[in-house]
>>> print(open('protein-v3.txt').read())   # compact mmCIF, C-alpha atoms
# COMPACT_ATOMS: atom_id res chain seq x y z
CA MET A 1 254.88 82.66 103.22
CA GLY A 2 256.35 84.82 105.98
CA GLN A 3 254.83 88.15 106.90
CA HIS A 4 252.33 88.07 104.01
CA ALA A 5 250.72 84.75 104.93
CA ALA A 6 247.49 86.38 106.11
CA PHE A 7 247.02 88.18 102.76
CA ILE A 8 247.75 85.07 100.70
CA LEU A 9 245.67 82.65 102.80
CA GLY A 10 242.91 85.26 103.11
CA SER A 11 242.71 85.49 99.30
CA TYR A 12 242.45 81.71 98.95
CA ALA A 13 239.88 81.52 101.78
CA VAL A 14 237.64 84.22 100.26
CA THR A 15 237.86 82.65 96.78
CA THR A 16 237.05 79.18 98.18
CA LEU A 17 234.07 80.50 100.13
CA VAL A 18 232.64 82.44 97.18
CA VAL A 19 233.06 79.55 94.70
CA LEU A 20 231.61 77.04 97.18
CA GLY A 21 228.74 79.47 97.78
CA LEU A 22 228.06 79.62 94.03
CA ILE A 23 228.07 75.81 93.78
CA LEU A 24 225.83 75.39 96.85
CA ARG A 25 223.41 78.04 95.59
CA ALA A 26 223.23 76.34 92.19
CA LEU A 27 222.52 72.94 93.77
CA LEU A 28 219.91 74.18 96.27
CA ASP A 29 218.11 76.36 93.73
CA HIS A 30 217.97 73.52 91.19
CA ARG A 31 216.59 71.10 93.78
CA ALA A 32 213.99 73.63 94.94
CA GLN A 33 212.74 74.20 91.38
CA GLN A 34 212.64 70.45 90.69
CA ARG A 35 210.63 69.94 93.90
CA HIS A 36 208.15 72.69 92.93
CA LEU A 37 207.78 71.20 89.46
CA SER A 38 207.18 67.69 90.82
CA GLN A 39 204.55 69.01 93.27
CA LEU A 40 202.75 70.88 90.47
CA GLU A 41 202.82 67.87 88.17
CA ALA A 42 201.59 65.63 90.99
CA ARG A 43 198.60 67.98 91.36
CA GLY A 44 197.85 67.48 87.66
CA ALA A 45 199.26 70.74 86.32
CA ARG A 46 200.32 70.31 82.69
CA ARG A 47 201.45 72.69 79.96
CA ARG A 48 198.85 73.19 77.22
CA SER A 49 201.28 71.64 74.71
CA ALA A 50 201.56 68.51 76.88
CA ARG A 51 197.81 67.95 77.17
CA GLY A 52 197.50 66.62 73.62
CA MET B 1 224.20 74.52 66.75
CA ILE B 2 223.02 77.62 68.68
CA TRP B 3 219.63 77.47 66.95
CA ASP B 4 219.55 73.70 67.42
CA LEU B 5 219.71 74.39 71.17
CA ALA B 6 216.92 76.99 70.98
CA ASN B 7 214.44 74.39 72.13
CA PRO B 8 214.64 74.38 75.97
CA THR B 9 213.81 70.66 76.18
CA ARG B 10 216.63 69.81 73.78
CA PHE B 11 218.94 72.16 75.69
CA MET B 12 218.05 70.40 78.97
CA GLY B 13 218.96 67.05 77.37
CA TYR B 14 222.32 68.16 75.98
CA SER B 15 223.33 70.21 79.00
CA GLY B 16 222.30 67.45 81.43
CA ARG B 17 224.69 65.07 79.71
CA ALA B 18 227.52 67.65 79.44
CA LEU B 19 227.32 68.99 83.00
CA PRO B 20 228.95 66.08 84.94
CA TRP B 21 231.82 65.93 82.43
CA LEU B 22 232.36 69.69 82.56
CA GLY B 23 232.24 69.67 86.36
CA GLY B 24 234.74 66.79 86.54
CA LEU B 25 237.06 68.48 84.05
CA ALA B 26 236.83 71.75 86.01
CA ALA B 27 237.73 69.98 89.29
CA LEU B 28 240.66 68.14 87.65
CA THR B 29 242.01 71.30 86.01
CA LEU B 30 241.64 73.22 89.27
CA GLY B 31 243.58 70.51 91.14
CA ILE B 32 246.40 70.61 88.58
CA GLY B 33 246.34 74.43 88.54
CA LEU B 34 246.59 74.66 92.34
CA VAL B 35 249.56 72.24 92.46
CA MET B 36 251.30 74.30 89.74
CA ALA B 37 250.40 77.60 91.43
CA TRP B 38 251.83 76.54 94.80
CA GLY B 39 254.85 74.95 93.11
CA ALA B 40 255.74 78.13 91.19
CA PRO B 41 258.79 80.05 92.44
CA PRO B 42 258.27 83.25 94.46
CA ASP B 43 258.59 86.45 92.44
CA TYR B 44 261.93 88.26 92.81
CA GLN B 45 260.13 91.47 93.79
CA GLN B 46 256.73 90.45 95.16
CA GLY B 47 257.86 87.26 96.90
CA GLU B 48 255.16 84.79 97.95
CA THR B 49 252.33 87.28 97.36
CA ILE B 50 252.57 86.31 93.69
CA ARG B 51 250.36 83.31 94.66
CA ILE B 52 247.45 85.78 94.89
CA MET B 53 247.92 86.45 91.15
CA PHE B 54 246.77 82.88 90.35
CA LEU B 55 243.33 83.77 91.76
CA HIS B 56 243.14 87.49 91.05
CA VAL B 57 243.93 87.43 87.32
CA PRO B 58 241.61 84.53 86.34
CA ALA B 59 238.81 86.13 88.39
CA ALA B 60 239.42 89.45 86.60
CA TRP B 61 239.29 87.76 83.18
CA LEU B 62 236.06 85.99 84.10
CA SER B 63 234.48 89.20 85.38
CA LEU B 64 234.86 90.58 81.83
CA PHE B 65 234.02 87.25 80.18
CA PHE B 66 230.65 87.00 81.91
CA TYR B 67 229.74 90.61 81.26
CA SER B 68 230.57 90.05 77.58
CA THR B 69 228.44 86.89 77.67
CA MET B 70 225.57 88.96 79.10
CA ALA B 71 226.04 91.62 76.39
CA VAL B 72 225.96 89.03 73.58
CA SER B 73 222.92 87.40 75.22
CA ALA B 74 221.28 90.84 75.44
CA LEU B 75 221.73 91.18 71.67
CA GLY B 76 220.28 87.67 71.39
CA THR B 77 217.21 88.86 73.29
CA LEU B 78 216.70 92.19 71.50
CA VAL B 79 217.91 91.45 67.97
CA TRP B 80 217.84 87.73 67.25
CA ARG B 81 215.08 86.87 69.77
CA HIS B 82 216.78 83.61 70.67
CA PRO B 83 214.58 81.78 73.22
CA LEU B 84 217.47 80.99 75.55
CA ALA B 85 219.26 84.35 75.30
CA ASP B 86 217.57 85.89 78.34
CA VAL B 87 217.96 82.63 80.26
CA SER B 88 221.69 82.84 79.57
CA GLN B 89 221.73 86.51 80.56
CA LYS B 90 220.01 85.91 83.87
CA ALA B 91 222.17 82.92 84.77
CA ALA B 92 225.42 84.77 83.97
CA ALA B 93 224.84 87.79 86.24
CA PRO B 94 225.43 86.26 89.71
CA ILE B 95 228.43 84.27 88.47
CA GLY B 96 230.01 87.35 86.92
CA ALA B 97 229.29 89.35 90.06
CA ALA B 98 230.91 86.68 92.24
CA PHE B 99 234.10 86.59 90.14
CA THR B 100 234.24 90.41 90.10
CA PHE B 101 233.91 90.34 93.90
CA ILE B 102 236.79 87.81 94.10
CA CYS B 103 238.84 90.04 91.78
CA LEU B 104 238.22 93.12 93.98
CA VAL B 105 238.93 91.37 97.29
CA THR B 106 242.04 89.48 96.16
CA GLY B 107 243.31 92.63 94.44
CA SER B 108 242.84 94.53 97.65
CA LEU B 109 244.61 91.83 99.67
CA TRP B 110 247.46 91.87 97.15
CA GLY B 111 247.58 95.67 97.07
CA LYS B 112 248.09 96.16 100.80
CA PRO B 113 251.48 94.39 101.09
CA MET B 114 252.70 95.55 97.63
CA TRP B 115 251.34 99.11 97.33
CA GLY B 116 250.85 99.84 101.01
CA THR B 117 247.11 100.35 100.64
CA TYR B 118 244.00 98.22 100.14
CA TRP B 119 242.43 100.66 97.70
CA VAL B 120 243.18 103.60 95.42
CA TRP B 121 240.73 105.38 93.14
CA ASP B 122 242.74 104.72 90.01
CA ALA B 123 241.09 104.01 86.66
CA ARG B 124 241.47 100.21 86.73
CA LEU B 125 240.20 99.68 90.28
CA THR B 126 237.37 102.19 89.88
CA SER B 127 236.20 100.72 86.56
CA VAL B 128 236.16 97.21 88.06
CA LEU B 129 234.12 98.54 90.99
CA VAL B 130 231.71 100.08 88.45
CA LEU B 131 231.55 96.66 86.72
CA PHE B 132 230.60 95.05 90.04
CA LEU B 133 227.90 97.69 90.62
CA MET B 134 226.59 97.08 87.08
CA TYR B 135 226.24 93.39 87.88
CA CYS B 136 224.36 94.30 91.08
CA GLY B 137 222.09 96.66 89.12
CA VAL B 138 221.34 93.99 86.52
CA MET B 139 220.47 91.43 89.21
CA ALA B 140 218.28 93.96 91.00
CA LEU B 141 216.43 94.80 87.78
CA TRP B 142 215.73 91.11 87.13
CA ARG B 143 214.00 90.99 90.51
CA THR B 144 211.89 94.11 90.05
CA ILE B 145 209.93 92.91 86.98
CA ASP B 146 207.85 89.77 87.41
CA GLU B 147 207.22 88.87 83.78
CA PRO B 148 210.43 87.25 82.40
CA ALA B 149 210.11 88.54 78.81
CA ARG B 150 209.55 92.16 79.92
CA ALA B 151 212.34 91.91 82.49
CA ALA B 152 214.67 90.53 79.81
CA ARG B 153 214.10 93.51 77.50
CA ALA B 154 214.75 96.04 80.27
CA VAL B 155 217.81 94.14 81.51
CA SER B 156 219.15 93.83 77.94
CA ILE B 157 219.13 97.60 77.48
CA LEU B 158 220.83 98.16 80.85
CA THR B 159 223.39 95.45 80.05
CA LEU B 160 224.24 96.94 76.66
CA VAL B 161 224.61 100.43 78.15
CA GLY B 162 226.92 98.97 80.81
CA ALA B 163 228.95 97.13 78.17
CA VAL B 164 230.71 100.44 77.45
CA ASN B 165 232.61 99.78 80.68
CA VAL B 166 234.17 96.51 79.42
CA PRO B 167 236.79 98.10 77.12
CA ILE B 168 237.31 100.82 79.74
CA VAL B 169 238.26 98.14 82.30
CA LYS B 170 240.55 96.39 79.80
CA PHE B 171 242.35 99.48 78.47
CA SER B 172 242.21 101.70 81.59
CA VAL B 173 245.83 100.81 82.39
CA ASP B 174 246.90 102.03 78.92
CA TRP B 175 244.67 105.11 78.68
CA TRP B 176 245.41 106.55 82.13
CA SER B 177 248.29 106.60 84.55
CA THR B 178 247.37 103.93 87.11
CA LEU B 179 248.94 102.37 90.16
CA HIS B 180 247.72 99.05 88.77
CA GLN B 181 250.29 97.48 86.46
CA PRO B 182 249.65 97.26 82.69
CA ALA B 183 248.68 94.00 80.97
CA SER B 184 251.40 91.37 81.15
CA VAL B 185 249.84 88.36 79.39
CA PHE B 186 247.71 89.52 76.43
CA ARG B 187 250.12 92.00 74.81
CA VAL B 188 251.02 92.68 71.21
CA ASP B 189 254.68 91.89 71.95
CA GLY B 190 253.84 88.70 73.90
CA PRO B 191 253.61 87.89 77.63
CA THR B 192 256.14 89.47 79.97
CA ILE B 193 255.67 86.88 82.72
CA HIS B 194 258.26 84.12 83.14
CA PRO B 195 256.94 80.72 81.94
CA SER B 196 257.30 79.30 85.48
CA MET B 197 254.44 81.62 86.50
CA LEU B 198 252.69 81.97 83.14
CA TYR B 199 251.81 78.28 82.77
CA PRO B 200 250.24 77.91 86.25
CA LEU B 201 248.35 81.15 85.59
CA LEU B 202 246.97 79.85 82.28
CA VAL B 203 245.95 76.51 83.84
CA MET B 204 244.20 78.34 86.71
CA ALA B 205 242.47 80.59 84.17
CA LEU B 206 241.27 77.51 82.29
CA ALA B 207 240.05 75.97 85.58
CA PHE B 208 238.15 79.15 86.53
CA THR B 209 236.65 79.31 83.03
CA LEU B 210 235.48 75.69 83.25
CA ILE B 211 234.01 76.32 86.71
CA GLY B 212 232.26 79.41 85.37
CA ILE B 213 230.85 77.65 82.30
CA THR B 214 229.67 74.71 84.41
CA LEU B 215 227.90 77.07 86.81
CA HIS B 216 226.43 79.01 83.90
CA LEU B 217 224.99 75.88 82.29
CA ALA B 218 223.64 74.74 85.66
CA GLY B 219 222.13 78.19 86.23
CA MET B 220 220.47 78.13 82.80
CA ARG B 221 218.95 74.71 83.53
CA THR B 222 217.57 75.97 86.85
CA GLU B 223 216.16 79.09 85.18
CA ILE B 224 214.35 76.93 82.59
CA LEU B 225 212.84 74.89 85.44
CA ARG B 226 211.86 78.12 87.26
CA ARG B 227 209.99 79.30 84.15
CA ARG B 228 208.21 75.95 83.82
CA VAL B 229 207.18 76.22 87.48
CA ARG B 230 205.90 79.76 86.82
CA THR B 231 203.92 78.69 83.75
CA LEU B 232 202.39 75.68 85.51
CA THR B 233 201.52 77.76 88.58
CA ILE B 234 199.66 80.28 86.38
CA LEU B 235 197.90 77.50 84.45
CA GLU B 236 196.90 75.78 87.70
CA ALA B 237 195.52 79.05 89.07
CA GLU B 238 193.54 79.59 85.85
CA ARG B 239 192.17 76.02 86.05
CA LEU B 240 191.12 76.50 89.70
CA ASP B 241 189.51 79.84 88.81
CA ALA B 242 187.57 78.20 85.98
CA GLN B 243 186.40 75.40 88.27
CA ALA B 244 185.27 77.86 90.95
CA ALA B 245 183.36 80.00 88.43
>>> encode(input="protein-v3.txt", output="structure tokens")
Amino acid sequence: MGQHAAFILGSYAVTTLVVLGLILRALLDHRAQQRHLSQLEARGARRRSARG
Amino acid sequence: MIWDLANPTRFMGYSGRALPWLGGLAALTLGIGLVMAWGAPPDYQQGETIRIMFLHVPAAWLSLFFYSTMAVSALGTLVWRHPLADVSQKAAAPIGAAFTFICLVTGSLWGKPMWGTYWVWDARLTSVLVLFLMYCGVMALWRTIDEPARAARAVSILTLVGAVNVPIVKFSVDWWSTLHQPASVFRVDGPTIHPSMLYPLLVMALAFTLIGITLHLAGMRTEILRRRVRTLTILEAERLDAQAA
């Protein structure tokens, strides 16, 4: 890669970090919402349509 | 099909089954794309820096793809009142912003060794920066209004106003004299890139698209859960209020 190695590897490093960040954010956010939902349902919270 | 998925519960079922397959396909395509990208010959003029193209160009395409997705979803919110349109809009914004950021940074890192500068205020670079700022504005607006339906209407209008920038980004290299090169893949007279670089580029673009769609579906699922949490929290508060009264 010669004299341009830093530019090439820097591009791949930034892209990897951003994409991994997106994946991590998606996973953590989904888990957090699932946890909130489980806690609410455990406390007896139900949607009106689900009460029958 | 789109109206069949209008029911969030049905959407959660379908998307939950599709997500692992999409994620696996995205990872496989990315692996193949990276092997092809690093196996491609250096460019006769740009040398090894051509490897930046395999990230920069797919990211640029996705930056426009996700803004277009938001614009169509905005129409879905305002005109067709599709129940998942604003969910799609909200989930698309951070993904589009991230790919626009990748496009700007990799473009800058490619520009320095090839043009001698990280940045010039030419029409293509400036319009992509405006696109990034539009994404930031849309995400900020989502956060300022608490009620999702009201926020969706305001964001839809902002998104549609900002959609004017999409053709400006695409055709800026034709309409103005820019340091950025003109289009070399999607041209009326066909691609001008040698197949040894075109095929890895197309595979990387497919991989980025699959990653983006997987993240978008995942984001939509999380947004549906967030809205259920919000609804249940309000209902629980109302129930506690009624008990206390």
>>> closest_atom_pairs(input="protein-v3.txt", of="chain A", to="chain B", cutoff="9 Å", atoms="only C-alpha atoms", output="CSV")
residue,atom,partner,partner_atom,distance
A:Met1,CA,B:Glu48,CA,5.7
A:Gly2,CA,B:Glu48,CA,8.1
A:His4,CA,B:Thr49,CA,6.7
A:Ala5,CA,B:Thr49,CA,8.1
A:Ala6,CA,B:Leu109,CA,8.9
A:Phe7,CA,B:Leu109,CA,5.4
A:Ile8,CA,B:Ile52,CA,5.9
A:Leu9,CA,B:Ile52,CA,8.7
A:Gly10,CA,B:Leu109,CA,7.6
A:Ser11,CA,B:Thr106,CA,5.1
A:Tyr12,CA,B:Leu55,CA,7.5
A:Val14,CA,B:Ile102,CA,7.2
A:Thr15,CA,B:Ile102,CA,5.9
A:Val18,CA,B:Ala98,CA,6.7
A:Val19,CA,B:Ala98,CA,7.8
A:Leu22,CA,B:Ile95,CA,7.3
A:Ile23,CA,B:Leu215,CA,7.1
A:Ala26,CA,B:Gly219,CA,6.3
A:Leu27,CA,B:Ala218,CA,8.4
A:Asp29,CA,B:Thr222,CA,6.9
A:His30,CA,B:Thr222,CA,5.0
A:Arg31,CA,B:Thr222,CA,8.5
A:Gln33,CA,B:Arg226,CA,5.8
A:Gln34,CA,B:Leu225,CA,6.9
A:His36,CA,B:Val229,CA,6.6
A:Leu37,CA,B:Val229,CA,5.4
A:Leu40,CA,B:Leu232,CA,6.9
A:Glu41,CA,B:Leu232,CA,8.3
A:Arg43,CA,B:Glu236,CA,8.8
A:Gly44,CA,B:Glu236,CA,8.4
A:Ala45,CA,B:Glu236,CA,5.7
A:Arg46,CA,B:Leu232,CA,6.4
A:Arg47,CA,B:Leu232,CA,6.4
A:Arg48,CA,B:Leu235,CA,8.5
>>> closest_residue(input="protein-v3.txt", among="B:Ser156, B:Thr144, B:Ser63, B:Ser127", to="Val87 (chain B)", atoms="only C-alpha atoms")
B:Ser156
>>> atom_distance(input="protein-v3.txt", atom1="CA of Arg143 (chain B)", atom2="CA of Val155 (chain B)")
10.3 Å
>>> atom_distance(input="protein-v3.txt", atom1="CA of Ser38 (chain A)", atom2="CA of Glu147 (chain B)")
22.3 Å
>>> atom_distance(input="protein-v3.txt", atom1="CA of Pro148 (chain B)", atom2="CA of Pro20 (chain B)")
28.2 Å
>>> decode(input="protein-v3.txt", residues="region 128-227 of chain B", atoms="C-alpha atoms", output="compact mmCIF listing (two decimals), in the first residue's frame")
# COMPACT_ATOMS: atom_id res chain seq x y z
CA VAL B 128 -23.34 15.71 0.55
CA LEU B 129 -22.45 17.75 3.63
CA VAL B 130 -25.90 19.38 3.40
CA LEU B 131 -27.40 15.86 3.15
CA PHE B 132 -25.58 14.89 6.37
CA LEU B 133 -26.86 18.04 8.11
CA MET B 134 -30.39 17.23 6.91
CA TYR B 135 -30.12 13.80 8.50
CA CYS B 136 -28.94 15.45 11.75
CA GLY B 137 -31.85 17.92 11.60
CA VAL B 138 -34.37 15.12 11.05
CA MET B 139 -32.99 13.14 14.01
CA ALA B 140 -33.02 16.24 16.20
CA LEU B 141 -36.64 16.99 15.26
CA TRP B 142 -37.69 13.44 16.18
CA ARG B 143 -36.30 14.08 19.66
CA THR B 144 -37.95 17.45 20.20
CA ILE B 145 -41.58 16.25 19.90
CA ASP B 146 -42.71 13.63 22.40
CA GLU B 147 -45.88 12.41 20.71
CA PRO B 148 -44.84 10.06 17.84
CA ALA B 149 -47.72 10.91 15.45
CA ARG B 150 -47.15 14.69 15.78
CA ALA B 151 -43.39 14.25 15.47
CA ALA B 152 -43.90 12.13 12.34
CA ARG B 153 -45.92 14.85 10.59
CA ALA B 154 -43.35 17.54 11.34
CA VAL B 155 -40.45 15.29 10.34
CA SER B 156 -42.25 14.28 7.13
CA ILE B 157 -42.51 17.90 6.00
CA LEU B 158 -38.85 18.55 6.82
CA THR B 159 -37.83 15.34 5.04
CA LEU B 160 -39.77 16.20 1.90
CA VAL B 161 -38.32 19.72 1.81
CA GLY B 162 -34.83 18.21 2.18
CA ALA B 163 -35.52 15.70 -0.60
CA VAL B 164 -34.81 18.51 -3.09
CA ASN B 165 -31.16 17.92 -2.23
CA VAL B 166 -31.16 14.29 -3.45
CA PRO B 167 -31.12 15.06 -7.20
CA ILE B 168 -28.73 17.95 -6.49
CA VAL B 169 -26.25 15.49 -4.93
CA LYS B 170 -26.67 13.04 -7.82
CA PHE B 171 -26.39 15.55 -10.68
CA SER B 172 -24.08 18.13 -9.06
CA VAL B 173 -21.12 16.69 -10.97
CA ASP B 174 -22.98 17.24 -14.28
CA TRP B 175 -24.55 20.62 -13.50
CA TRP B 176 -21.44 22.33 -12.12
CA SER B 177 -17.71 22.15 -12.65
CA THR B 178 -16.47 20.05 -9.73
CA LEU B 179 -13.19 18.63 -8.56
CA HIS B 180 -15.12 15.45 -7.82
CA GLN B 181 -15.20 13.14 -10.84
CA PRO B 182 -18.46 12.57 -12.77
CA ALA B 183 -20.48 9.35 -12.44
CA SER B 184 -18.62 6.30 -13.72
CA VAL B 185 -21.06 3.43 -13.04
CA PHE B 186 -24.65 4.58 -13.67
CA ARG B 187 -24.21 6.34 -17.03
CA VAL B 188 -26.30 6.38 -20.18
CA ASP B 189 -23.35 5.03 -22.18
CA GLY B 190 -22.53 2.32 -19.59
CA PRO B 191 -19.91 2.05 -16.83
CA THR B 192 -16.44 3.43 -17.50
CA ILE B 193 -14.75 1.33 -14.81
CA HIS B 194 -12.80 -1.77 -15.80
CA PRO B 195 -14.66 -5.00 -14.86
CA SER B 196 -11.81 -5.99 -12.50
CA MET B 197 -12.87 -3.07 -10.28
CA LEU B 198 -16.53 -2.83 -11.26
CA TYR B 199 -17.49 -6.32 -10.03
CA PRO B 200 -15.93 -5.94 -6.55
CA LEU B 201 -17.59 -2.52 -6.33
CA LEU B 202 -21.02 -3.95 -7.18
CA VAL B 203 -20.60 -6.81 -4.68
CA MET B 204 -19.56 -4.34 -1.96
CA ALA B 205 -22.54 -2.15 -2.85
CA LEU B 206 -24.83 -5.18 -2.50
CA ALA B 207 -23.21 -6.03 0.86
CA PHE B 208 -23.66 -2.45 2.15
CA THR B 209 -27.28 -2.46 0.94
CA LEU B 210 -27.98 -5.75 2.74
CA ILE B 211 -26.34 -4.41 5.92
CA GLY B 212 -28.42 -1.25 5.63
CA ILE B 213 -31.70 -3.10 5.06
CA THR B 214 -30.97 -5.48 7.95
CA LEU B 215 -30.28 -2.54 10.26
CA HIS B 216 -33.38 -0.75 9.00
CA LEU B 217 -35.62 -3.74 9.71
CA ALA B 218 -34.02 -4.17 13.14
CA GLY B 219 -34.49 -0.45 13.83
CA MET B 220 -38.16 -0.64 12.83
CA ARG B 221 -38.71 -3.60 15.17
CA THR B 222 -37.10 -1.69 18.05
CA GLU B 223 -39.20 1.40 17.29
CA ILE B 224 -42.39 -0.70 17.42
CA LEU B 225 -41.30 -2.04 20.82
CA ARG B 226 -40.50 1.52 21.99
CA ARG B 227 -44.04 2.61 21.08
